[in-house]
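Quick look at work06.txt (compact mmCIF, N, CA and C atoms):
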```txt
# COMPACT_ATOMS: atom_id res chain seq x y z
N MET H 9 -2.93 18.75 28.64
CA MET H 9 -4.27 18.18 28.50
C MET H 9 -4.18 16.71 28.80
N SER H 10 -4.75 16.30 29.89
CA SER H 10 -4.71 14.91 30.30
C SER H 10 -6.11 14.33 30.25
N LEU H 11 -6.18 13.02 30.27
CA LEU H 11 -7.48 12.36 30.31
C LEU H 11 -8.00 12.35 31.74
N ASP H 12 -9.32 12.42 31.87
CA ASP H 12 -9.98 12.30 33.17
C ASP H 12 -10.26 10.82 33.41
N VAL H 13 -9.31 10.15 34.03
CA VAL H 13 -9.39 8.70 34.21
C VAL H 13 -10.13 8.39 35.51
N SER H 14 -11.19 7.60 35.37
CA SER H 14 -11.97 7.22 36.55
C SER H 14 -11.17 6.23 37.40
N PRO H 15 -11.49 6.15 38.69
CA PRO H 15 -10.82 5.16 39.54
C PRO H 15 -10.99 3.74 39.01
N ALA H 16 -12.16 3.42 38.46
CA ALA H 16 -12.40 2.07 37.93
C ALA H 16 -11.50 1.77 36.74
N LEU H 17 -11.32 2.75 35.86
CA LEU H 17 -10.47 2.55 34.69
C LEU H 17 -9.00 2.46 35.11
N LEU H 18 -8.63 3.26 36.07
CA LEU H 18 -7.26 3.19 36.59
C LEU H 18 -7.01 1.82 37.22
N GLU H 19 -7.99 1.31 37.92
CA GLU H 19 -7.86 -0.01 38.53
C GLU H 19 -7.70 -1.09 37.45
N GLN H 20 -8.46 -0.97 36.36
CA GLN H 20 -8.30 -1.90 35.24
C GLN H 20 -6.85 -1.87 34.73
N ALA H 21 -6.33 -0.67 34.54
CA ALA H 21 -4.97 -0.51 34.02
C ALA H 21 -3.95 -1.12 34.99
N GLU H 22 -4.17 -0.93 36.26
CA GLU H 22 -3.25 -1.49 37.25
C GLU H 22 -3.28 -3.02 37.24
N ARG H 23 -4.44 -3.60 36.93
CA ARG H 23 -4.56 -5.06 36.83
C ARG H 23 -4.05 -5.57 35.48
N GLY H 24 -3.93 -4.65 34.50
CA GLY H 24 -3.46 -5.04 33.18
C GLY H 24 -4.55 -5.52 32.25
N GLU H 25 -5.80 -5.23 32.58
CA GLU H 25 -6.94 -5.72 31.80
C GLU H 25 -7.82 -4.57 31.33
N VAL H 26 -7.28 -3.65 30.59
CA VAL H 26 -8.06 -2.48 30.17
C VAL H 26 -9.00 -2.85 29.03
N ASP H 27 -10.26 -2.55 29.23
CA ASP H 27 -11.27 -2.74 28.19
C ASP H 27 -11.21 -1.53 27.26
N GLU H 28 -10.98 -1.77 25.97
CA GLU H 28 -10.82 -0.65 25.05
C GLU H 28 -12.08 0.22 24.96
N ALA H 29 -13.24 -0.37 25.09
CA ALA H 29 -14.47 0.42 25.07
C ALA H 29 -14.50 1.40 26.24
N ASP H 30 -14.02 0.99 27.38
CA ASP H 30 -13.95 1.89 28.53
C ASP H 30 -12.93 3.01 28.28
N PHE H 31 -11.81 2.64 27.66
CA PHE H 31 -10.80 3.65 27.32
C PHE H 31 -11.36 4.66 26.32
N VAL H 32 -12.05 4.18 25.31
CA VAL H 32 -12.65 5.08 24.30
C VAL H 32 -13.66 6.01 24.97
N ASP H 33 -14.45 5.48 25.90
CA ASP H 33 -15.41 6.33 26.61
C ASP H 33 -14.68 7.40 27.43
N CYS H 34 -13.55 7.05 28.01
CA CYS H 34 -12.73 8.02 28.75
C CYS H 34 -12.24 9.12 27.81
N VAL H 35 -11.82 8.75 26.63
CA VAL H 35 -11.38 9.74 25.63
C VAL H 35 -12.56 10.63 25.25
N ARG H 36 -13.72 10.02 25.00
CA ARG H 36 -14.91 10.79 24.60
C ARG H 36 -15.27 11.85 25.64
N THR H 37 -15.24 11.47 26.90
CA THR H 37 -15.64 12.42 27.94
C THR H 37 -14.52 13.41 28.30
N SER H 38 -13.27 12.99 28.13
CA SER H 38 -12.14 13.86 28.48
C SER H 38 -11.81 14.87 27.40
N LEU H 39 -12.03 14.50 26.14
CA LEU H 39 -11.65 15.33 25.00
C LEU H 39 -12.87 15.56 24.10
N PRO H 40 -13.90 16.23 24.62
CA PRO H 40 -15.15 16.34 23.86
C PRO H 40 -15.01 17.08 22.52
N TYR H 41 -14.17 18.10 22.46
CA TYR H 41 -14.01 18.81 21.18
C TYR H 41 -13.39 17.89 20.13
N ALA H 42 -12.33 17.19 20.51
CA ALA H 42 -11.68 16.27 19.57
C ALA H 42 -12.64 15.16 19.17
N TRP H 43 -13.38 14.63 20.13
CA TRP H 43 -14.33 13.57 19.85
C TRP H 43 -15.39 14.04 18.85
N GLU H 44 -15.94 15.21 19.09
CA GLU H 44 -16.97 15.74 18.20
C GLU H 44 -16.41 15.99 16.81
N MET H 45 -15.20 16.52 16.73
CA MET H 45 -14.58 16.79 15.44
C MET H 45 -14.45 15.48 14.64
N ILE H 46 -13.88 14.47 15.27
CA ILE H 46 -13.67 13.20 14.58
C ILE H 46 -15.00 12.53 14.26
N SER H 47 -15.94 12.55 15.19
CA SER H 47 -17.27 11.96 14.96
C SER H 47 -17.96 12.61 13.77
N SER H 48 -17.90 13.92 13.71
CA SER H 48 -18.58 14.62 12.62
C SER H 48 -17.91 14.34 11.28
N LEU H 49 -16.60 14.20 11.27
CA LEU H 49 -15.90 13.87 10.02
C LEU H 49 -16.22 12.45 9.57
N VAL H 50 -16.33 11.53 10.50
CA VAL H 50 -16.71 10.16 10.16
C VAL H 50 -18.11 10.16 9.56
N ALA H 51 -19.03 10.89 10.17
CA ALA H 51 -20.40 10.98 9.64
C ALA H 51 -20.40 11.61 8.25
N GLN H 52 -19.61 12.67 8.07
CA GLN H 52 -19.52 13.32 6.77
C GLN H 52 -18.98 12.36 5.71
N LEU H 53 -17.97 11.59 6.05
CA LEU H 53 -17.40 10.62 5.12
C LEU H 53 -18.44 9.58 4.72
N LYS H 54 -19.22 9.12 5.68
CA LYS H 54 -20.26 8.12 5.38
C LYS H 54 -21.34 8.69 4.48
N VAL H 55 -21.72 9.94 4.71
CA VAL H 55 -22.78 10.56 3.92
C VAL H 55 -22.29 10.94 2.53
N ASP H 56 -21.14 11.61 2.48
CA ASP H 56 -20.64 12.14 1.22
C ASP H 56 -19.87 11.12 0.40
N GLY H 57 -19.32 10.09 1.05
CA GLY H 57 -18.46 9.15 0.34
C GLY H 57 -17.15 9.84 -0.01
N GLY H 58 -16.49 9.37 -1.01
CA GLY H 58 -15.23 9.97 -1.43
C GLY H 58 -14.05 9.37 -0.72
N ASP H 59 -12.88 9.94 -1.00
CA ASP H 59 -11.63 9.41 -0.46
C ASP H 59 -11.40 9.77 1.00
N PHE H 60 -11.91 10.95 1.43
CA PHE H 60 -11.68 11.38 2.81
C PHE H 60 -12.61 12.54 3.14
N ALA H 61 -12.67 12.86 4.43
CA ALA H 61 -13.37 14.05 4.91
C ALA H 61 -12.40 14.76 5.84
N ASP H 62 -12.34 16.08 5.74
CA ASP H 62 -11.40 16.80 6.60
C ASP H 62 -11.98 18.10 7.10
N ASN H 63 -11.34 18.62 8.14
CA ASN H 63 -11.72 19.89 8.75
C ASN H 63 -10.61 20.90 8.46
N GLN H 64 -10.99 22.10 8.06
CA GLN H 64 -10.00 23.14 7.82
C GLN H 64 -10.26 24.38 8.66
N THR H 65 -11.18 24.28 9.62
CA THR H 65 -11.51 25.40 10.49
C THR H 65 -10.71 25.29 11.79
N PRO H 66 -9.94 26.32 12.14
CA PRO H 66 -9.17 26.26 13.38
C PRO H 66 -10.08 26.10 14.60
N PRO H 67 -9.59 25.46 15.66
CA PRO H 67 -10.36 25.32 16.89
C PRO H 67 -10.72 26.70 17.46
N PRO H 68 -11.79 26.77 18.23
CA PRO H 68 -12.24 28.06 18.74
C PRO H 68 -11.34 28.64 19.83
N ASP H 69 -10.56 27.79 20.51
CA ASP H 69 -9.71 28.28 21.59
C ASP H 69 -8.57 27.29 21.83
N GLU H 70 -7.70 27.67 22.76
CA GLU H 70 -6.53 26.85 23.04
C GLU H 70 -6.88 25.51 23.69
N GLN H 71 -7.94 25.49 24.48
CA GLN H 71 -8.36 24.23 25.10
C GLN H 71 -8.77 23.23 24.03
N ALA H 72 -9.55 23.68 23.06
CA ALA H 72 -9.97 22.80 21.96
C ALA H 72 -8.76 22.34 21.14
N ARG H 73 -7.86 23.25 20.87
CA ARG H 73 -6.64 22.91 20.12
C ARG H 73 -5.84 21.85 20.87
N GLY H 74 -5.73 22.02 22.19
CA GLY H 74 -5.02 21.05 23.01
C GLY H 74 -5.67 19.68 22.96
N GLN H 75 -6.98 19.64 22.90
CA GLN H 75 -7.67 18.35 22.81
C GLN H 75 -7.33 17.63 21.51
N LEU H 76 -7.32 18.36 20.41
CA LEU H 76 -6.95 17.74 19.13
C LEU H 76 -5.52 17.23 19.17
N LEU H 77 -4.63 18.05 19.69
CA LEU H 77 -3.23 17.64 19.77
C LEU H 77 -3.09 16.39 20.64
N ARG H 78 -3.77 16.36 21.76
CA ARG H 78 -3.69 15.21 22.67
C ARG H 78 -4.22 13.96 21.99
N ALA H 79 -5.37 14.07 21.35
CA ALA H 79 -5.99 12.90 20.72
C ALA H 79 -5.15 12.35 19.58
N LEU H 80 -4.56 13.22 18.80
CA LEU H 80 -3.86 12.76 17.60
C LEU H 80 -2.38 12.53 17.80
N ALA H 81 -1.80 13.08 18.86
CA ALA H 81 -0.37 12.88 19.12
C ALA H 81 -0.12 11.62 19.94
N SER H 82 -1.12 11.12 20.62
CA SER H 82 -0.97 9.92 21.43
C SER H 82 -1.26 8.68 20.57
N ASP H 83 -0.29 7.81 20.45
CA ASP H 83 -0.49 6.59 19.67
C ASP H 83 -1.65 5.77 20.22
N ALA H 84 -1.75 5.67 21.55
CA ALA H 84 -2.81 4.86 22.16
C ALA H 84 -4.19 5.45 21.88
N ILE H 85 -4.33 6.76 22.04
CA ILE H 85 -5.63 7.40 21.80
C ILE H 85 -5.98 7.34 20.33
N ARG H 86 -5.04 7.73 19.49
CA ARG H 86 -5.28 7.74 18.04
C ARG H 86 -5.66 6.34 17.56
N GLY H 87 -4.91 5.33 18.00
CA GLY H 87 -5.20 3.96 17.58
C GLY H 87 -6.57 3.50 18.04
N ALA H 88 -6.93 3.82 19.28
CA ALA H 88 -8.25 3.43 19.80
C ALA H 88 -9.36 4.12 19.02
N LEU H 89 -9.17 5.39 18.69
CA LEU H 89 -10.18 6.11 17.91
C LEU H 89 -10.31 5.52 16.51
N GLN H 90 -9.19 5.18 15.90
CA GLN H 90 -9.25 4.59 14.56
C GLN H 90 -10.00 3.26 14.58
N ARG H 91 -9.72 2.44 15.58
CA ARG H 91 -10.42 1.15 15.68
C ARG H 91 -11.90 1.36 16.00
N HIS H 92 -12.20 2.29 16.89
CA HIS H 92 -13.59 2.54 17.27
C HIS H 92 -14.43 3.01 16.07
N PHE H 93 -13.90 3.95 15.32
CA PHE H 93 -14.65 4.52 14.20
C PHE H 93 -14.44 3.76 12.88
N GLY H 94 -13.45 2.88 12.83
CA GLY H 94 -13.20 2.12 11.61
C GLY H 94 -12.65 2.98 10.48
N VAL H 95 -11.75 3.91 10.85
CA VAL H 95 -11.15 4.82 9.86
C VAL H 95 -9.66 4.95 10.15
N ARG H 96 -8.97 5.60 9.25
CA ARG H 96 -7.59 6.02 9.48
C ARG H 96 -7.62 7.53 9.66
N LEU H 97 -6.89 8.02 10.64
CA LEU H 97 -6.84 9.44 10.93
C LEU H 97 -5.54 10.03 10.40
N ALA H 98 -5.64 11.24 9.89
CA ALA H 98 -4.46 11.98 9.45
C ALA H 98 -4.57 13.38 10.04
N PHE H 99 -3.42 14.04 10.21
CA PHE H 99 -3.40 15.31 10.93
C PHE H 99 -2.33 16.21 10.35
N GLN H 100 -2.71 17.48 10.09
CA GLN H 100 -1.76 18.50 9.65
C GLN H 100 -1.98 19.73 10.52
N ASN H 101 -0.92 20.47 10.74
CA ASN H 101 -0.99 21.70 11.51
C ASN H 101 -1.64 21.47 12.86
N CYS H 102 -2.36 22.46 13.32
CA CYS H 102 -2.96 22.36 14.65
C CYS H 102 -4.44 22.02 14.58
N HIS H 103 -4.97 21.84 13.38
CA HIS H 103 -6.41 21.65 13.29
C HIS H 103 -6.89 20.81 12.13
N ARG H 104 -6.09 20.62 11.12
CA ARG H 104 -6.59 19.92 9.93
C ARG H 104 -6.57 18.42 10.17
N VAL H 105 -7.70 17.92 10.60
CA VAL H 105 -7.90 16.51 10.86
C VAL H 105 -8.62 15.92 9.65
N ALA H 106 -8.21 14.74 9.23
CA ALA H 106 -8.89 14.06 8.13
C ALA H 106 -9.15 12.61 8.53
N VAL H 107 -10.25 12.09 8.03
CA VAL H 107 -10.56 10.68 8.21
C VAL H 107 -10.61 10.02 6.83
N PHE H 108 -9.98 8.86 6.76
CA PHE H 108 -9.93 8.08 5.53
C PHE H 108 -10.55 6.72 5.81
N PRO H 109 -11.29 6.18 4.87
CA PRO H 109 -11.85 4.84 5.08
C PRO H 109 -10.75 3.79 5.11
N LEU H 110 -11.07 2.65 5.70
CA LEU H 110 -10.14 1.52 5.72
C LEU H 110 -10.28 0.77 4.40
N ASP H 111 -9.85 1.43 3.36
CA ASP H 111 -10.00 0.89 2.01
C ASP H 111 -8.69 1.12 1.26
N PRO H 112 -8.07 0.07 0.79
CA PRO H 112 -6.78 0.23 0.11
C PRO H 112 -6.84 1.13 -1.13
N THR H 113 -8.02 1.34 -1.67
CA THR H 113 -8.11 2.19 -2.86
C THR H 113 -7.80 3.65 -2.56
N VAL H 114 -7.82 4.06 -1.28
CA VAL H 114 -7.51 5.45 -0.93
C VAL H 114 -6.10 5.60 -0.37
N ASP H 115 -5.32 4.52 -0.39
CA ASP H 115 -3.96 4.58 0.15
C ASP H 115 -3.12 5.66 -0.52
N GLU H 116 -3.25 5.79 -1.83
CA GLU H 116 -2.48 6.82 -2.54
C GLU H 116 -2.91 8.22 -2.10
N ARG H 117 -4.20 8.43 -1.92
CA ARG H 117 -4.71 9.74 -1.48
C ARG H 117 -4.24 10.05 -0.06
N LEU H 118 -4.25 9.05 0.80
CA LEU H 118 -3.74 9.22 2.17
C LEU H 118 -2.25 9.56 2.14
N ALA H 119 -1.50 8.88 1.30
CA ALA H 119 -0.06 9.16 1.19
C ALA H 119 0.18 10.59 0.72
N ARG H 120 -0.63 11.06 -0.21
CA ARG H 120 -0.49 12.46 -0.66
C ARG H 120 -0.85 13.43 0.46
N PHE H 121 -1.91 13.14 1.20
CA PHE H 121 -2.34 14.03 2.29
C PHE H 121 -1.28 14.13 3.38
N THR H 122 -0.61 13.04 3.66
CA THR H 122 0.37 13.01 4.74
C THR H 122 1.81 13.23 4.26
N SER H 123 1.96 13.63 3.01
CA SER H 123 3.31 13.82 2.46
C SER H 123 3.95 15.11 2.95
N VAL H 124 5.25 15.18 2.83
CA VAL H 124 5.99 16.40 3.15
C VAL H 124 5.49 17.55 2.29
N ARG H 125 5.25 17.29 1.03
CA ARG H 125 4.75 18.33 0.12
C ARG H 125 3.42 18.90 0.62
N ALA H 126 2.49 18.02 0.97
CA ALA H 126 1.19 18.48 1.45
C ALA H 126 1.33 19.28 2.74
N GLN H 127 2.22 18.85 3.61
CA GLN H 127 2.44 19.58 4.85
C GLN H 127 2.93 20.99 4.56
N LEU H 128 3.88 21.11 3.66
CA LEU H 128 4.41 22.43 3.32
C LEU H 128 3.37 23.31 2.64
N LEU H 129 2.57 22.73 1.77
CA LEU H 129 1.54 23.51 1.06
C LEU H 129 0.39 23.93 1.98
N ASN H 130 0.27 23.29 3.14
CA ASN H 130 -0.80 23.60 4.08
C ASN H 130 -0.37 24.62 5.13
N GLN H 131 0.75 25.28 4.93
CA GLN H 131 1.24 26.28 5.89
C GLN H 131 0.70 27.67 5.54
N SER H 132 0.59 28.49 6.56
CA SER H 132 0.21 29.89 6.36
C SER H 132 0.69 30.70 7.55
N PRO H 133 0.93 31.98 7.36
CA PRO H 133 1.35 32.82 8.48
C PRO H 133 0.35 32.84 9.63
N GLU H 134 -0.95 32.72 9.32
CA GLU H 134 -1.97 32.74 10.36
C GLU H 134 -1.84 31.55 11.31
N LEU H 135 -1.27 30.46 10.83
CA LEU H 135 -1.16 29.26 11.64
C LEU H 135 0.20 29.12 12.31
N ARG H 136 1.03 30.12 12.19
CA ARG H 136 2.40 30.05 12.68
C ARG H 136 2.48 29.68 14.16
N ASP H 137 1.61 30.22 14.97
CA ASP H 137 1.67 29.97 16.42
C ASP H 137 0.54 29.07 16.91
N CYS H 138 0.00 28.29 16.04
CA CYS H 138 -1.11 27.45 16.48
C CYS H 138 -0.63 26.24 17.24
```

File written out as structure tokens:
Amino acid sequence: MSLDVSPALLEQAERGEVDEADFVDCVRTSLPYAWEMISSLVAQLKVDGGDFADNQTPPPDEQARGQLLRALASDAIRGALQRHFGVRLAFQNCHRVAVFPLDPTVDERLARFTSVRAQLLNQSPELRDC
């Protein structure tokens, strides 16, 4: 799963002057499932408040799963999304995406969510090949 990079954005990168807003737009259009997932979680967090918002529903197909993996496994993409939305992203398995506010009061909750223990407790046979 690669990004659909426009010639103009590629030219920016070649010059060394990439505008992050242009990069974020490239991510939005290239990875629409991942974008929608993260956008909806950010909206949910704003509406509901609390320590975090997360998704526990597996993606509908392998293409969608690949988009999530691409968005969250790439440091550049993940970092740009976190800055764009003003949140911290966390990821478990092939689909459990969570957004946390940029608030030190939730640091302990984020640490628990991303802990080895939480990872192990979030396993199931159904997700073995995800």

Check: Hey, what's within 8 Å of segment 43-52 of chain H if we count only N, CA and C atoms and toss same-chain stuff fewer than 5 positions away? As a list in words, please?
Finding: Val35, Arg36, Thr37, Ser38, Gly57, Gly58, Phe60, Ala61, Asp62, Asn63, Gln75, Leu76, Ala79, Phe93, Val95, Val105, Ala106, Val107 and Phe108 of chain H

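Proximity ranking of H:Tyr41, H:Ala21, H:Phe99, H:Arg125 relative to Arg86 of chain H places H:Phe99 first, based on only C-alpha atoms.
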
Checklist line | Secondary structure check, helix (DSSP H, G or I) residues of segment 57-117 of chain H, as an MDAnalysis selection string | finding: chainID H and resid 70:81 83:93 112:117

Margin query: Residues within 6 Å of His103 of chain H, please, as a list in words. Count all atoms listed in the file; anything in the same chain fewer than 6 positions from it doesn't count.
Written below: Asn63, Gln64, Thr65, Pro66 and Pro67 of chain H
